[in-house]
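J.: Below you'll find start-v7.txt; it's compact mmCIF, N, CA and C atoms.
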```txt
# COMPACT_ATOMS: atom_id res chain seq x y z
N MET Z 1 25.96 -22.75 23.07
CA MET Z 1 25.89 -22.35 21.68
C MET Z 1 24.82 -21.26 21.55
N ALA Z 2 25.15 -20.21 20.84
CA ALA Z 2 24.23 -19.08 20.69
C ALA Z 2 23.12 -19.44 19.70
N ARG Z 3 21.91 -19.18 20.13
CA ARG Z 3 20.76 -19.44 19.27
C ARG Z 3 20.40 -18.17 18.51
N ARG Z 4 20.19 -18.29 17.21
CA ARG Z 4 19.78 -17.14 16.40
C ARG Z 4 18.32 -16.84 16.68
N LYS Z 5 17.98 -15.55 16.78
CA LYS Z 5 16.60 -15.16 17.03
C LYS Z 5 15.72 -15.56 15.87
N SER Z 6 14.46 -15.82 16.19
CA SER Z 6 13.52 -16.18 15.13
C SER Z 6 13.24 -14.94 14.28
N LEU Z 7 12.65 -15.16 13.12
CA LEU Z 7 12.33 -14.07 12.21
C LEU Z 7 11.40 -13.05 12.88
N GLU Z 8 10.41 -13.56 13.61
CA GLU Z 8 9.47 -12.66 14.29
C GLU Z 8 10.18 -11.78 15.31
N GLU Z 9 11.11 -12.37 16.05
CA GLU Z 9 11.85 -11.59 17.05
C GLU Z 9 12.74 -10.54 16.40
N ARG Z 10 13.37 -10.90 15.28
CA ARG Z 10 14.23 -9.93 14.59
C ARG Z 10 13.41 -8.78 14.02
N ILE Z 11 12.23 -9.09 13.46
CA ILE Z 11 11.36 -8.04 12.93
C ILE Z 11 10.89 -7.15 14.07
N ALA Z 12 10.50 -7.75 15.20
CA ALA Z 12 10.03 -6.96 16.34
C ALA Z 12 11.13 -6.03 16.85
N ASP Z 13 12.38 -6.52 16.88
CA ASP Z 13 13.50 -5.67 17.31
C ASP Z 13 13.68 -4.50 16.35
N ARG Z 14 13.60 -4.77 15.06
CA ARG Z 14 13.78 -3.72 14.06
C ARG Z 14 12.67 -2.68 14.15
N VAL Z 15 11.43 -3.14 14.35
CA VAL Z 15 10.30 -2.22 14.45
C VAL Z 15 10.41 -1.38 15.73
N ALA Z 16 10.88 -1.99 16.81
CA ALA Z 16 11.02 -1.26 18.08
C ALA Z 16 12.06 -0.15 17.98
N LYS Z 17 13.05 -0.30 17.12
CA LYS Z 17 14.10 0.71 16.97
C LYS Z 17 13.65 1.90 16.13
N ARG Z 18 12.57 1.73 15.36
CA ARG Z 18 12.10 2.83 14.49
C ARG Z 18 11.51 3.95 15.32
N PRO Z 19 11.67 5.19 14.84
CA PRO Z 19 11.02 6.30 15.54
C PRO Z 19 9.52 6.24 15.33
N PRO Z 20 8.74 6.84 16.21
CA PRO Z 20 7.28 6.81 16.03
C PRO Z 20 6.88 7.57 14.77
N MET Z 21 5.78 7.13 14.15
CA MET Z 21 5.32 7.77 12.93
C MET Z 21 4.75 9.14 13.26
N LYS Z 22 4.86 10.06 12.31
CA LYS Z 22 4.31 11.39 12.48
C LYS Z 22 2.79 11.35 12.33
N ASP Z 23 2.11 12.34 12.89
CA ASP Z 23 0.66 12.41 12.78
C ASP Z 23 0.24 12.52 11.32
N SER Z 24 -0.82 11.84 10.96
CA SER Z 24 -1.43 11.81 9.62
C SER Z 24 -0.46 11.35 8.54
N LYS Z 25 0.50 10.55 8.91
CA LYS Z 25 1.42 9.98 7.91
C LYS Z 25 1.16 8.48 7.86
N HIS Z 26 0.64 8.01 6.74
CA HIS Z 26 0.27 6.61 6.64
C HIS Z 26 1.32 5.78 5.91
N PHE Z 27 2.11 6.42 5.07
CA PHE Z 27 3.11 5.70 4.29
C PHE Z 27 4.50 6.15 4.72
N GLU Z 28 5.33 5.22 5.17
CA GLU Z 28 6.70 5.57 5.54
C GLU Z 28 7.57 5.71 4.30
N HIS Z 29 7.19 5.07 3.24
CA HIS Z 29 8.01 5.04 2.03
C HIS Z 29 7.32 5.90 0.97
N GLY Z 30 7.96 6.97 0.55
CA GLY Z 30 7.35 7.92 -0.39
C GLY Z 30 6.82 7.31 -1.67
N PRO Z 31 7.62 6.52 -2.39
CA PRO Z 31 7.11 5.92 -3.63
C PRO Z 31 5.92 5.00 -3.42
N ALA Z 32 5.79 4.40 -2.25
CA ALA Z 32 4.65 3.52 -1.99
C ALA Z 32 3.36 4.32 -2.04
N LYS Z 33 3.41 5.56 -1.56
CA LYS Z 33 2.22 6.40 -1.59
C LYS Z 33 1.80 6.67 -3.03
N TRP Z 34 2.78 6.99 -3.89
CA TRP Z 34 2.45 7.30 -5.28
C TRP Z 34 1.99 6.07 -6.04
N ILE Z 35 2.53 4.92 -5.75
CA ILE Z 35 2.06 3.69 -6.39
C ILE Z 35 0.62 3.42 -5.96
N PHE Z 36 0.34 3.58 -4.68
CA PHE Z 36 -1.02 3.37 -4.18
C PHE Z 36 -2.01 4.32 -4.86
N VAL Z 37 -1.66 5.59 -4.95
CA VAL Z 37 -2.54 6.58 -5.59
C VAL Z 37 -2.71 6.26 -7.06
N SER Z 38 -1.64 5.87 -7.74
CA SER Z 38 -1.72 5.54 -9.17
C SER Z 38 -2.65 4.36 -9.42
N VAL Z 39 -2.52 3.33 -8.61
CA VAL Z 39 -3.38 2.15 -8.77
C VAL Z 39 -4.83 2.52 -8.49
N LEU Z 40 -5.05 3.34 -7.49
CA LEU Z 40 -6.41 3.76 -7.16
C LEU Z 40 -7.03 4.57 -8.30
N VAL Z 41 -6.29 5.51 -8.86
CA VAL Z 41 -6.78 6.32 -9.98
C VAL Z 41 -7.05 5.44 -11.20
N PHE Z 42 -6.15 4.52 -11.48
CA PHE Z 42 -6.33 3.60 -12.61
C PHE Z 42 -7.61 2.78 -12.44
N ALA Z 43 -7.85 2.29 -11.23
CA ALA Z 43 -9.05 1.47 -10.98
C ALA Z 43 -10.31 2.29 -11.20
N VAL Z 44 -10.33 3.52 -10.72
CA VAL Z 44 -11.50 4.37 -10.88
C VAL Z 44 -11.75 4.68 -12.36
N LEU Z 45 -10.69 5.03 -13.09
CA LEU Z 45 -10.84 5.33 -14.51
C LEU Z 45 -11.29 4.10 -15.30
N ALA Z 46 -10.75 2.94 -14.96
CA ALA Z 46 -11.15 1.72 -15.64
C ALA Z 46 -12.63 1.42 -15.40
N HIS Z 47 -13.11 1.65 -14.18
CA HIS Z 47 -14.52 1.42 -13.90
C HIS Z 47 -15.41 2.38 -14.70
N PHE Z 48 -15.02 3.65 -14.76
CA PHE Z 48 -15.81 4.61 -15.55
C PHE Z 48 -15.81 4.22 -17.02
N LEU Z 49 -14.69 3.79 -17.55
CA LEU Z 49 -14.59 3.39 -18.94
C LEU Z 49 -15.49 2.18 -19.22
N ILE Z 50 -15.44 1.20 -18.35
CA ILE Z 50 -16.24 -0.01 -18.54
C ILE Z 50 -17.74 0.33 -18.44
N VAL Z 51 -18.11 1.15 -17.47
CA VAL Z 51 -19.51 1.53 -17.33
C VAL Z 51 -19.97 2.31 -18.56
N GLY Z 52 -19.10 3.19 -19.07
CA GLY Z 52 -19.45 3.95 -20.27
C GLY Z 52 -19.63 3.04 -21.48
N LEU Z 53 -18.75 2.06 -21.63
CA LEU Z 53 -18.89 1.13 -22.76
C LEU Z 53 -20.16 0.30 -22.64
N VAL Z 54 -20.48 -0.15 -21.44
CA VAL Z 54 -21.69 -0.93 -21.26
C VAL Z 54 -22.92 -0.08 -21.55
N MET Z 55 -22.90 1.19 -21.16
CA MET Z 55 -24.04 2.06 -21.42
C MET Z 55 -24.18 2.35 -22.92
N MET Z 56 -23.06 2.48 -23.64
CA MET Z 56 -23.12 2.77 -25.07
C MET Z 56 -23.55 1.57 -25.90
N PHE Z 57 -22.98 0.40 -25.57
CA PHE Z 57 -23.21 -0.77 -26.42
C PHE Z 57 -24.17 -1.78 -25.81
N GLY Z 58 -24.60 -1.58 -24.59
CA GLY Z 58 -25.54 -2.52 -23.95
C GLY Z 58 -26.94 -2.34 -24.49
N ASP Z 59 -27.68 -3.38 -24.45
CA ASP Z 59 -29.07 -3.31 -24.97
C ASP Z 59 -30.04 -3.07 -23.88
```
Can you give me the file's structure in the form of structure tokens?
T.:
Amino acid sequence: MARRKSLEERIADRVAKRPPMKDSKHFEHGPAKWIFVSVLVFAVLAHFLIVGLVMMFGD
């Protein structure tokens, strides 16, 4: 009876079939890069806003 490969083995096979990544390319999926950048920008702006509010209204 044929045994189905484990999840780890199937993932390893799929990763082995992928072409190597290009130099200086960290995100294989284009929208993932923009989501990452958007979250990063939002976090920085939120920190500046919070620091500004604390400086204005803090005693």
J.: If DSSP is run on the backbone, what residues of chain Z are alpha helix (DSSP H)? A reply as a PyMOL selection string would be ideal.
T.: chain Z and resi 7-17+30-57
J.: Listed atoms of stretch 32-51 of chain Z, axis-aligned box, 3 Å per side: centre and edge lengths to one decimal in Å, as JSON?
T.:
```
{"center_x": -7.1, "center_y": 3.6, "center_z": -10.4, "size_x": 31.8, "size_y": 13.3, "size_z": 23.7}
```
J.: Using atom C of Z:Ser6 and atom CA of Z:Pro19 as the two end points, give the distance in Å to one decimal.
T.: 21.4 Å
J.: Go ahead and compute the interatomic distance for atom N of Z:Lys17 and atom N of Z:Gly30, in Å to one decimal.
T.: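 Calculated distance between atom N of Z:Lys17 and atom N of Z:Gly30 is 18.8 Å.
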J.: To one decimal in Å, tell me the separation between atom C of Z:Arg10 and atom N of Z:His29.
T.: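 Between atom C of Z:Arg10 and atom N of Z:His29 the gap works out to 18.6 Å.
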